[in-house]
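Structure file my_file_23.csv with CSV, N, CA and C atoms:
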chain,number,residue,atom,x,y,z
A,6,ARG,N,15.3,-6.3,6.8
A,6,ARG,CA,14.6,-5.0,6.9
A,6,ARG,C,15.6,-3.9,7.1
A,7,GLU,N,16.6,-4.2,7.9
A,7,GLU,CA,17.6,-3.1,8.2
A,7,GLU,C,18.4,-2.8,6.9
A,8,ALA,N,18.7,-3.8,6.1
A,8,ALA,CA,19.4,-3.6,4.9
A,8,ALA,C,18.6,-2.7,3.9
A,9,ALA,N,17.3,-2.9,3.9
A,9,ALA,CA,16.4,-2.1,3.1
A,9,ALA,C,16.4,-0.6,3.6
A,10,ARG,N,16.4,-0.4,4.9
A,10,ARG,CA,16.5,0.9,5.5
A,10,ARG,C,17.8,1.6,5.1
A,11,ILE,N,18.9,0.9,5.2
A,11,ILE,CA,20.2,1.4,4.9
A,11,ILE,C,20.2,1.8,3.4
A,12,ALA,N,19.8,0.9,2.5
A,12,ALA,CA,19.8,1.1,1.1
A,12,ALA,C,18.9,2.4,0.7
A,13,ALA,N,17.7,2.4,1.3
A,13,ALA,CA,16.8,3.6,1.0
A,13,ALA,C,17.5,4.9,1.5
A,14,ASP,N,18.1,4.9,2.6
A,14,ASP,CA,18.8,6.1,3.1
A,14,ASP,C,19.9,6.5,2.2
A,15,VAL,N,20.7,5.6,1.7
A,15,VAL,CA,21.8,5.9,0.8
A,15,VAL,C,21.2,6.4,-0.5
A,16,ILE,N,20.2,5.8,-1.0
A,16,ILE,CA,19.6,6.3,-2.3
A,16,ILE,C,19.1,7.7,-2.1
A,17,GLY,N,18.4,7.9,-0.9
A,17,GLY,CA,17.9,9.3,-0.6
A,17,GLY,C,19.0,10.3,-0.6
A,18,ARG,N,20.2,10.0,-0.2
A,18,ARG,CA,21.3,10.9,-0.1
A,18,ARG,C,22.1,11.0,-1.4
A,19,ARG,N,22.1,10.0,-2.2
A,19,ARG,CA,23.0,10.0,-3.3
A,19,ARG,C,22.4,9.9,-4.7
A,20,TRP,N,21.1,9.8,-4.8
A,20,TRP,CA,20.6,9.5,-6.2
A,20,TRP,C,20.8,10.6,-7.2
A,21,GLY,N,21.1,11.8,-6.7
A,21,GLY,CA,21.3,12.9,-7.6
A,21,GLY,C,22.8,13.0,-8.0
A,22,ASP,N,23.7,12.2,-7.4
A,22,ASP,CA,25.1,12.3,-7.7
A,22,ASP,C,25.5,11.5,-8.9
A,23,PRO,N,26.3,12.0,-9.8
A,23,PRO,CA,26.8,11.2,-10.9
A,23,PRO,C,27.6,10.1,-10.4
A,24,GLY,N,27.6,9.0,-11.2
A,24,GLY,CA,28.4,7.8,-10.8
A,24,GLY,C,28.7,6.9,-11.9
A,25,ALA,N,29.7,6.0,-11.7
A,25,ALA,CA,30.0,5.0,-12.7
A,25,ALA,C,30.1,3.7,-12.0
A,26,GLY,N,29.7,2.6,-12.7
A,26,GLY,CA,29.7,1.3,-12.1
A,26,GLY,C,30.8,0.5,-12.8
A,27,ILE,N,30.7,-0.8,-12.7
A,27,ILE,CA,31.8,-1.6,-13.3
A,27,ILE,C,31.8,-1.6,-14.9
A,28,TRP,N,30.6,-1.2,-15.5
A,28,TRP,CA,30.6,-1.2,-16.9
A,28,TRP,C,30.6,0.2,-17.5
A,29,GLU,N,30.3,1.2,-16.7
A,29,GLU,CA,30.4,2.6,-17.2
A,29,GLU,C,31.8,3.1,-17.1
A,30,THR,N,32.2,4.0,-18.0
A,30,THR,CA,33.5,4.5,-17.9
A,30,THR,C,33.6,6.0,-17.5
A,31,GLU,N,32.5,6.6,-17.3
A,31,GLU,CA,32.5,8.0,-16.9
A,31,GLU,C,31.4,8.2,-15.9
A,32,ASP,N,31.6,9.2,-15.0
A,32,ASP,CA,30.6,9.6,-14.0
A,32,ASP,C,29.5,10.4,-14.7
A,33,ARG,N,28.3,9.9,-14.6
A,33,ARG,CA,27.2,10.7,-15.1
A,33,ARG,C,25.9,10.1,-14.5
A,34,LEU,N,24.8,10.7,-14.8
A,34,LEU,CA,23.5,10.2,-14.2
A,34,LEU,C,22.9,9.2,-15.2
A,35,TRP,N,23.0,7.9,-14.8
A,35,TRP,CA,22.6,6.8,-15.6
A,35,TRP,C,21.2,6.5,-15.4
A,36,THR,N,20.4,6.5,-16.4
A,36,THR,CA,19.0,6.2,-16.4
A,36,THR,C,18.7,4.8,-15.8
A,37,HIS,N,19.4,3.8,-16.3
A,37,HIS,CA,19.2,2.5,-15.8
A,37,HIS,C,19.4,2.3,-14.3
A,38,SER,N,20.5,2.9,-13.8
A,38,SER,CA,20.7,2.9,-12.4
A,38,SER,C,19.6,3.5,-11.6
A,39,ARG,N,19.1,4.6,-12.0
A,39,ARG,CA,18.0,5.3,-11.3
A,39,ARG,C,16.8,4.5,-11.3
A,40,LEU,N,16.5,3.9,-12.5
A,40,LEU,CA,15.3,3.0,-12.6
A,40,LEU,C,15.4,1.8,-11.7
A,41,ILE,N,16.5,1.2,-11.6
A,41,ILE,CA,16.7,0.1,-10.7
A,41,ILE,C,16.5,0.5,-9.2
A,42,CYS,N,16.9,1.7,-8.9
A,42,CYS,CA,16.7,2.3,-7.5
A,42,CYS,C,15.2,2.4,-7.3
A,43,VAL,N,14.4,2.9,-8.3
A,43,VAL,CA,13.0,3.1,-8.2
A,43,VAL,C,12.3,1.7,-8.0
A,44,ALA,N,12.7,0.7,-8.8
A,44,ALA,CA,12.2,-0.6,-8.6
A,44,ALA,C,12.5,-1.2,-7.2
A,45,GLY,N,13.7,-1.1,-6.8
A,45,GLY,CA,14.0,-1.6,-5.4
A,45,GLY,C,13.3,-0.9,-4.3
A,46,LEU,N,13.1,0.4,-4.4
A,46,LEU,CA,12.4,1.2,-3.4
A,46,LEU,C,10.9,0.7,-3.4
A,47,ARG,N,10.3,0.6,-4.5
A,47,ARG,CA,8.9,0.2,-4.6
A,47,ARG,C,8.7,-1.2,-4.0
A,48,GLN,N,9.6,-2.1,-4.3
A,48,GLN,CA,9.5,-3.5,-3.8
A,48,GLN,C,9.8,-3.5,-2.3
A,49,ALA,N,10.7,-2.8,-1.9
A,49,ALA,CA,11.0,-2.8,-0.4
A,49,ALA,C,9.8,-2.2,0.3
A,50,ALA,N,9.2,-1.1,-0.2
A,50,ALA,CA,8.0,-0.5,0.4
A,50,ALA,C,6.9,-1.5,0.4
A,51,ARG,N,6.7,-2.3,-0.6
A,51,ARG,CA,5.6,-3.3,-0.7
A,51,ARG,C,5.8,-4.4,0.3
A,52,VAL,N,7.0,-4.9,0.4
A,52,VAL,CA,7.3,-6.2,1.1
A,52,VAL,C,7.8,-5.9,2.6
A,53,LEU,N,8.6,-4.9,2.8
A,53,LEU,CA,9.3,-4.8,4.0
A,53,LEU,C,8.9,-3.6,4.9
A,54,GLY,N,8.4,-2.5,4.3
A,54,GLY,CA,8.2,-1.3,5.0
A,54,GLY,C,7.0,-1.3,5.9
A,55,GLY,N,7.1,-0.6,7.0
A,55,GLY,CA,6.0,-0.3,7.8
A,55,GLY,C,5.2,0.9,7.1
A,56,PRO,N,4.1,1.3,7.7
A,56,PRO,CA,3.4,2.4,7.1
A,56,PRO,C,4.2,3.7,6.8
A,57,GLY,N,5.0,4.1,7.7
A,57,GLY,CA,5.8,5.3,7.5
A,57,GLY,C,6.9,5.1,6.5
A,58,GLU,N,7.6,3.9,6.6
A,58,GLU,CA,8.7,3.6,5.7
A,58,GLU,C,8.1,3.5,4.3
A,59,SER,N,7.0,2.7,4.2
A,59,SER,CA,6.5,2.5,2.8
A,59,SER,C,6.2,3.8,2.1
A,60,ALA,N,5.5,4.7,2.9
A,60,ALA,CA,5.2,6.0,2.3
A,60,ALA,C,6.4,6.8,1.9
A,61,SER,N,7.4,6.8,2.8
A,61,SER,CA,8.7,7.5,2.5
A,61,SER,C,9.4,6.9,1.3
A,62,TRP,N,9.5,5.6,1.3
A,62,TRP,CA,10.2,4.9,0.2
A,62,TRP,C,9.5,5.1,-1.2
A,63,ASN,N,8.2,5.1,-1.1
A,63,ASN,CA,7.4,5.3,-2.4
A,63,ASN,C,7.5,6.8,-2.8
A,64,SER,N,7.5,7.7,-1.9
A,64,SER,CA,7.7,9.1,-2.2
A,64,SER,C,9.1,9.3,-2.8
A,65,LEU,N,10.1,8.7,-2.3
A,65,LEU,CA,11.5,8.8,-2.8
A,65,LEU,C,11.5,8.2,-4.2
A,66,ALA,N,10.9,7.1,-4.4
A,66,ALA,CA,10.8,6.5,-5.7
A,66,ALA,C,10.1,7.4,-6.7
A,67,ASP,N,9.0,8.0,-6.3
A,67,ASP,CA,8.3,9.0,-7.2
A,67,ASP,C,9.2,10.1,-7.6
A,68,ALA,N,10.0,10.7,-6.6
A,68,ALA,CA,10.9,11.8,-6.9
A,68,ALA,C,12.0,11.4,-7.9
A,69,VAL,N,12.6,10.2,-7.7
A,69,VAL,CA,13.6,9.7,-8.6
A,69,VAL,C,13.1,9.5,-10.0
A,70,LEU,N,11.9,8.9,-10.1
A,70,LEU,CA,11.3,8.6,-11.4
A,70,LEU,C,10.9,9.9,-12.1
A,71,ALA,N,10.4,10.9,-11.4
A,71,ALA,CA,10.0,12.1,-12.0
A,71,ALA,C,11.2,12.9,-12.6
A,72,GLU,N,12.2,12.9,-11.8
A,72,GLU,CA,13.5,13.6,-12.3
A,72,GLU,C,14.1,12.8,-13.4
A,73,THR,N,14.1,11.5,-13.4
A,73,THR,CA,14.6,10.7,-14.5
A,73,THR,C,13.8,10.9,-15.7
A,74,ALA,N,12.5,11.0,-15.6
A,74,ALA,CA,11.7,11.2,-16.8
A,74,ALA,C,11.9,12.6,-17.4
A,75,ARG,N,12.2,13.5,-16.5
A,75,ARG,CA,12.4,14.9,-17.0
A,75,ARG,C,13.7,15.1,-17.7
A,76,THR,N,14.7,14.3,-17.2
A,76,THR,CA,16.1,14.6,-17.8
A,76,THR,C,16.6,13.5,-18.7
A,77,ALA,N,15.9,12.4,-18.9
A,77,ALA,CA,16.4,11.3,-19.7
A,77,ALA,C,16.2,11.6,-21.2

Kindly return the structure encoded in the file as structure tokens.
Amino acid sequence: REAARIAADVIGRRWGDPGAGIWETEDRLWTHSRLICVAGLRQAARVLGGPGESASWNSLADAVLAETARTA
């Protein structure tokens, strides 16, 4: 549960930052990376989160998904 909290906190602070992984060669906003964050947040909210955490994580997932849909 603590790992999920830490991951959600990092996603909340960094999801708008461009980045590159081991396969990408340039820093940019990668749709796949954002959608993986959405999936992880939703699953963590469903399985691990308490009422407050679940609502917060789902809200963050909604925000990431909406912005991704708008800019992809």

* Asked: When DSSP works through the backbone of this structure, what residues of chain A end up as helix (DSSP H, G or I), shown as a VMD selection string?
  -> chain A and resid 7 to 19 36 to 52 56 to 76

* To do: Identify the residues within 6.5 Å of coordinate (15.8, 6.4, -6.9) (same frame as the file), considering all atoms listed in the file, and give the answer as a list in words.
  => Ile16, Trp20, Arg39, Leu40, Ile41, Cys42, Val43, Leu65, Ala66, Ala68, Val69 and Leu70 of chain A

* **Neighbour list for Ala25 of chain A as a list in words, cut-off 12 Å, only C-alpha atoms, skip fewer than 4 positions in-chain** => Glu29, Thr30, Glu31, Asp32, Arg33, Leu34, Trp35, Thr36, His37 and Ser38 of chain A

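Minimum atom-to-atom distances from A:Ala74, A:Gly24, A:Arg6, A:Ala13 to Gly45 of chain A were compared using only N, CA and C atoms, and the lowest value belongs to A:Ala13.
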
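For segment 7-10 of chain A, the list of residues within 6.5 Å, based on all atoms listed in the file and with local chain neighbours fewer than 4 positions off taken out, reads Asp14, Val15 and Ala49 of chain A.
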
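For the set A:Ala12, A:Arg75, A:Gly17, A:Ile27, the residue with the smallest atom-to-atom gap to Ser61 of chain A is A:Gly17, counting only C-alpha atoms.
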
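Computed from the coordinates, the atom C of Pro23 of chain A to atom N of Thr76 of chain A distance equals 15.2 Å.
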
* To do: Take atom C of Leu46 of chain A and atom C of Gly26 of chain A and report the distance between them in Å, one decimal.
  => 22.0 Å

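Atom pair atom CA of Ala71 of chain A / atom C of Trp28 of chain A: separated by 24.4 Å.
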